[in-house]
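Undergrad: My structure is below; once you've seen it, I'll send some questions.
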Amino acid sequence: MKASLSNYKQSPRKVRLVADMIRGKRVTVARDSLVFLAKKSSPEMIKLLNSAIANARQKGMNPDDLVVKTISVDKALVIKRFKPMARGRAAGIRRTMSHINLELGLAADAKPKAVKKAAKKAAKN
């Protein structure tokens, strides 16, 4: 399942550090590692991950079988501001924002729900 966050007010370079840390991990492990991470973007990543998990539950998937399949951090809007400097000059400040896209997939050892039901029926017979 997918979830996205648009125009997050932190530069993509800083957010990619957190994204690289959870890429490829199981959802439960990724959430636990984000809780204890001392980075500004980690609470927002937790919200995004919880949103993707909720989307997966709506489709009938088990959250324990999910893995962070892809996570990409792209450049978004750039807000341009000016700061006063010495001798009446002004220096430009560029505040870059980020777009974050997260996609969850099934773990390699997890079986789809339909396969589990078929195996359960076969075991009963």
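Every chain in the structure tokens takes a letter, A first, then B, and so on in the order presented; its residues are numbered from 1, and the ligands are numbered from 1 following the presented order.
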Return as a tab-separated table the residues of stretch 38-64 of chain A lying at most 10 Å from stretch 27-33 of chain A, together with the closest atom-to-atom pair for each and the distance in Å to one decimal, counting only C-alpha atoms, with rows in chain order and ascending residue number.
TA:
```
residue	atom	partner	partner_atom	distance
A:Ser42	CA	A:Ser33	CA	9.3
A:Pro43	CA	A:Arg31	CA	9.9
A:Met45	CA	A:Arg31	CA	8.7
A:Ile46	CA	A:Arg31	CA	6.3
A:Lys47	CA	A:Arg31	CA	9.6
A:Leu49	CA	A:Arg31	CA	7.5
A:Asn50	CA	A:Arg31	CA	8.5
A:Ala52	CA	A:Val27	CA	9.8
A:Ile53	CA	A:Val27	CA	8.2
A:Pro63	CA	A:Val27	CA	7.1
A:Asp64	CA	A:Thr28	CA	7.0
```
Undergrad: For A:Ser51, please output as a PyMOL selection string all residues within 10 Å (counting only C-alpha atoms; exclusion window: fewer than 5 positions along the same chain).
TA: chain A and resi 1-4+45-46+56-57+102
Undergrad: Could you pull out the strand (DSSP E or B) residues of stretch 18-81 of chain A, going by DSSP on the backbone, and write them as a PyMOL selection string?
TA: chain A and resi 26+66-81
Undergrad: So that I have them on file, write out the residues from the current selection with all heavy atoms, as a compact mmCIF listing (two decimals), in the first residue's frame.
TA:
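Below you can see part35.txt, which holds the result:
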```txt
# COMPACT_ATOMS: atom_id res chain seq x y z
N ARG A 26 11.02 -4.63 8.03
CA ARG A 26 9.63 -4.95 8.36
C ARG A 26 9.00 -3.73 9.03
O ARG A 26 9.69 -2.92 9.66
CB ARG A 26 9.56 -6.15 9.31
CG ARG A 26 9.84 -7.44 8.62
CD ARG A 26 9.45 -8.59 9.54
NE ARG A 26 9.59 -9.85 8.85
CZ ARG A 26 8.59 -10.45 8.20
NH1 ARG A 26 7.40 -9.91 8.18
NH2 ARG A 26 8.78 -11.59 7.60
N LEU A 66 4.09 -7.08 6.39
CA LEU A 66 4.48 -6.00 5.48
C LEU A 66 5.91 -5.54 5.68
O LEU A 66 6.45 -5.58 6.78
CB LEU A 66 3.53 -4.81 5.65
CG LEU A 66 2.08 -5.07 5.28
CD1 LEU A 66 1.23 -3.87 5.63
CD2 LEU A 66 1.95 -5.40 3.81
N VAL A 67 6.51 -5.07 4.58
CA VAL A 67 7.87 -4.56 4.56
C VAL A 67 7.85 -3.21 3.85
O VAL A 67 7.03 -2.99 2.96
CB VAL A 67 8.78 -5.55 3.78
CG1 VAL A 67 10.16 -4.98 3.56
CG2 VAL A 67 8.88 -6.86 4.50
N VAL A 68 8.75 -2.31 4.23
CA VAL A 68 8.89 -1.04 3.52
C VAL A 68 9.57 -1.34 2.19
O VAL A 68 10.78 -1.54 2.13
CB VAL A 68 9.71 -0.02 4.35
CG1 VAL A 68 9.87 1.27 3.58
CG2 VAL A 68 9.06 0.24 5.69
N LYS A 69 8.77 -1.42 1.15
CA LYS A 69 9.26 -1.82 -0.17
C LYS A 69 10.09 -0.70 -0.80
O LYS A 69 11.25 -0.90 -1.15
CB LYS A 69 8.08 -2.18 -1.06
CG LYS A 69 8.43 -2.76 -2.38
CD LYS A 69 7.16 -3.16 -3.12
CE LYS A 69 7.45 -3.63 -4.52
NZ LYS A 69 6.19 -3.89 -5.24
N THR A 70 9.48 0.46 -0.97
CA THR A 70 10.21 1.61 -1.50
C THR A 70 9.85 2.84 -0.68
O THR A 70 8.73 2.99 -0.21
CB THR A 70 9.84 1.90 -2.98
OG1 THR A 70 8.45 2.15 -3.07
CG2 THR A 70 10.24 0.77 -3.88
N ILE A 71 10.83 3.71 -0.55
CA ILE A 71 10.60 5.01 0.06
C ILE A 71 11.49 6.00 -0.68
O ILE A 71 12.69 5.78 -0.82
CB ILE A 71 10.86 5.00 1.58
CG1 ILE A 71 10.56 6.37 2.18
CG2 ILE A 71 12.24 4.55 1.93
CD1 ILE A 71 10.47 6.38 3.69
N SER A 72 10.88 7.05 -1.21
CA SER A 72 11.65 8.04 -1.97
C SER A 72 11.39 9.42 -1.41
O SER A 72 10.27 9.75 -1.00
CB SER A 72 11.27 7.99 -3.45
OG SER A 72 9.93 8.35 -3.62
N VAL A 73 12.45 10.22 -1.38
CA VAL A 73 12.37 11.59 -0.90
C VAL A 73 12.82 12.48 -2.05
O VAL A 73 13.95 12.38 -2.51
CB VAL A 73 13.26 11.80 0.34
CG1 VAL A 73 13.16 13.23 0.82
CG2 VAL A 73 12.90 10.83 1.43
N ASP A 74 11.92 13.33 -2.51
CA ASP A 74 12.20 14.20 -3.65
C ASP A 74 12.10 15.66 -3.24
O ASP A 74 11.46 16.00 -2.24
CB ASP A 74 11.19 13.93 -4.78
CG ASP A 74 11.23 12.49 -5.23
OD1 ASP A 74 12.34 11.94 -5.35
OD2 ASP A 74 10.15 11.91 -5.43
N LYS A 75 12.73 16.50 -4.05
CA LYS A 75 12.71 17.93 -3.79
C LYS A 75 11.33 18.50 -4.13
O LYS A 75 10.71 18.12 -5.11
CB LYS A 75 13.78 18.61 -4.64
CG LYS A 75 13.96 20.07 -4.39
CD LYS A 75 15.08 20.62 -5.24
CE LYS A 75 15.18 22.11 -5.09
NZ LYS A 75 16.24 22.66 -5.95
N ALA A 76 10.86 19.42 -3.30
CA ALA A 76 9.55 20.05 -3.51
C ALA A 76 9.75 21.55 -3.70
O ALA A 76 10.76 21.96 -4.29
CB ALA A 76 8.64 19.74 -2.33
N LEU A 77 8.85 22.34 -3.20
CA LEU A 77 8.93 23.78 -3.33
C LEU A 77 10.18 24.34 -2.65
O LEU A 77 10.68 23.77 -1.69
CB LEU A 77 7.71 24.43 -2.66
CG LEU A 77 6.35 24.16 -3.26
CD1 LEU A 77 5.28 24.73 -2.36
CD2 LEU A 77 6.26 24.77 -4.63
N VAL A 78 10.65 25.47 -3.17
CA VAL A 78 11.76 26.18 -2.55
C VAL A 78 11.26 27.57 -2.20
O VAL A 78 10.87 28.34 -3.09
CB VAL A 78 12.98 26.28 -3.49
CG1 VAL A 78 14.08 27.08 -2.84
CG2 VAL A 78 13.46 24.90 -3.86
N ILE A 79 11.23 27.88 -0.91
CA ILE A 79 10.80 29.21 -0.47
C ILE A 79 12.04 30.09 -0.39
O ILE A 79 13.03 29.72 0.24
CB ILE A 79 10.11 29.13 0.91
CG1 ILE A 79 8.87 28.26 0.83
CG2 ILE A 79 9.76 30.52 1.41
CD1 ILE A 79 8.21 28.03 2.16
N LYS A 80 11.97 31.24 -1.03
CA LYS A 80 13.12 32.15 -1.06
C LYS A 80 12.89 33.29 -0.08
O LYS A 80 11.87 33.98 -0.14
CB LYS A 80 13.34 32.67 -2.47
CG LYS A 80 13.71 31.56 -3.42
CD LYS A 80 13.78 32.03 -4.83
CE LYS A 80 14.08 30.83 -5.73
NZ LYS A 80 13.90 31.15 -7.13
N ARG A 81 13.82 33.46 0.82
CA ARG A 81 13.77 34.53 1.82
C ARG A 81 15.08 35.30 1.77
O ARG A 81 16.08 34.82 1.24
CB ARG A 81 13.59 33.94 3.23
CG ARG A 81 12.30 33.18 3.41
CD ARG A 81 11.13 34.14 3.52
NE ARG A 81 9.89 33.45 3.78
CZ ARG A 81 8.95 33.21 2.87
NH1 ARG A 81 9.16 33.58 1.62
NH2 ARG A 81 7.84 32.62 3.19
```
Undergrad: Determine the nearest neighbour of A:Pro12 from the options A:Ser41, A:Leu48, A:Met61, A:Ala123, counting only C-alpha atoms.
TA: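 Among the listed residues, the smallest separation from A:Pro12 belongs to A:Ser41.
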Undergrad: Figure out the distance between atom CA of A:Ser6 and atom CA of A:Leu34, please, to one decimal in Å.
TA: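 So the answer is 19.6 Å.
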Undergrad: Please determine, counting only C-alpha atoms, which residue among A:Pro84, A:Glu103, A:Met97, A:Arg23 has the shortest atom-to-atom distance to A:Ser11.
TA: A:Met97
Undergrad: Calculate how many Å separate atom CA of A:Gln10 from atom CA of A:Ile93, rounding to one decimal.
TA: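 Answer for the atom CA of A:Gln10 to atom CA of A:Ile93 separation: 13.7 Å.
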Undergrad: Please determine, counting only C-alpha atoms, which residue among A:Lys124, A:Lys9, A:Ala19, A:Val35 has the shortest atom-to-atom distance to A:Asn101.
TA: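 Selected residue with least distance to A:Asn101: A:Ala19.
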Undergrad: As a ChimeraX atom specification, list the residues of chain A assigned to helix (DSSP H, G or I) by DSSP on the backbone atoms of this structure.
TA: /A:12-22,27-35,42-58,63-65,86-88,113-124
Undergrad: Output the selection as a JSON list (two decimals), in the first residue's frame - C-alpha atoms for each residue.
TA:
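Result file result_7.json:
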```
[["chain", "number", "residue", "atom", "x", "y", "z"],
["A", 12, "PRO", "CA", 15.45, 16.27, 1.22],
["A", 13, "ARG", "CA", 19.06, 15.59, 2.16],
["A", 14, "LYS", "CA", 18.20, 15.44, 5.86],
["A", 15, "VAL", "CA", 15.02, 13.42, 5.34],
["A", 16, "ARG", "CA", 16.86, 10.85, 3.17],
["A", 17, "LEU", "CA", 19.03, 9.91, 6.17],
["A", 18, "VAL", "CA", 15.91, 8.70, 7.97],
["A", 19, "ALA", "CA", 14.41, 7.12, 4.84],
["A", 20, "ASP", "CA", 17.57, 5.09, 4.18],
["A", 21, "MET", "CA", 17.40, 3.75, 7.70],
["A", 22, "ILE", "CA", 13.95, 2.12, 7.32],
["A", 27, "VAL", "CA", 6.97, -2.43, 9.39],
["A", 28, "THR", "CA", 7.16, -3.25, 13.10],
["A", 29, "VAL", "CA", 10.96, -2.94, 13.17],
["A", 30, "ALA", "CA", 10.86, 0.29, 11.16],
["A", 31, "ARG", "CA", 8.31, 1.86, 13.50],
["A", 32, "ASP", "CA", 10.30, 0.87, 16.60],
["A", 33, "SER", "CA", 13.52, 2.29, 15.19],
["A", 34, "LEU", "CA", 11.82, 5.57, 14.25],
["A", 35, "VAL", "CA", 10.39, 6.01, 17.74],
["A", 42, "SER", "CA", 11.16, 10.80, 12.42],
["A", 43, "PRO", "CA", 7.72, 11.75, 13.91],
["A", 44, "GLU", "CA", 6.47, 12.64, 10.43],
["A", 45, "MET", "CA", 7.83, 9.36, 9.06],
["A", 46, "ILE", "CA", 5.96, 7.48, 11.80],
["A", 47, "LYS", "CA", 2.72, 9.21, 10.78],
["A", 48, "LEU", "CA", 3.38, 8.35, 7.13],
["A", 49, "LEU", "CA", 4.15, 4.73, 7.98],
["A", 50, "ASN", "CA", 0.99, 4.45, 10.10],
["A", 51, "SER", "CA", -1.02, 5.87, 7.21],
["A", 52, "ALA", "CA", 0.38, 3.27, 4.82],
["A", 53, "ILE", "CA", -0.37, 0.52, 7.37],
["A", 54, "ALA", "CA", -3.97, 1.77, 7.68],
["A", 55, "ASN", "CA", -4.29, 1.70, 3.88],
["A", 56, "ALA", "CA", -3.03, -1.89, 3.87],
["A", 57, "ARG", "CA", -5.53, -2.90, 6.56],
["A", 58, "GLN", "CA", -8.33, -1.49, 4.41],
["A", 63, "PRO", "CA", 0.53, -5.51, 9.06],
["A", 64, "ASP", "CA", 2.92, -8.12, 10.48],
["A", 65, "ASP", "CA", 3.61, -9.42, 6.95],
["A", 86, "ALA", "CA", 26.42, 44.08, 6.78],
["A", 87, "ARG", "CA", 26.63, 47.34, 4.79],
["A", 88, "GLY", "CA", 22.97, 47.30, 3.82],
["A", 113, "LYS", "CA", -4.30, -14.22, 2.45],
["A", 114, "ALA", "CA", -5.96, -16.32, -0.29],
["A", 115, "VAL", "CA", -3.09, -18.84, -0.19],
["A", 116, "LYS", "CA", -3.39, -19.11, 3.60],
["A", 117, "LYS", "CA", -7.14, -19.82, 3.34],
["A", 118, "ALA", "CA", -6.59, -22.48, 0.68],
["A", 119, "ALA", "CA", -3.90, -24.16, 2.81],
["A", 120, "LYS", "CA", -6.20, -24.09, 5.83],
["A", 121, "LYS", "CA", -9.04, -25.73, 3.85],
["A", 122, "ALA", "CA", -6.67, -28.39, 2.50],
["A", 123, "ALA", "CA", -5.50, -29.16, 6.05],
["A", 124, "LYS", "CA", -9.08, -29.65, 7.23]]
```
Undergrad: Figure out the distance between atom CA of A:Thr96 and atom CA of A:Gly24, please, to one decimal in Å.
TA: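 Straight-line distance from atom CA of A:Gly24 to atom CA of A:Thr96 works out to 26.5 Å.
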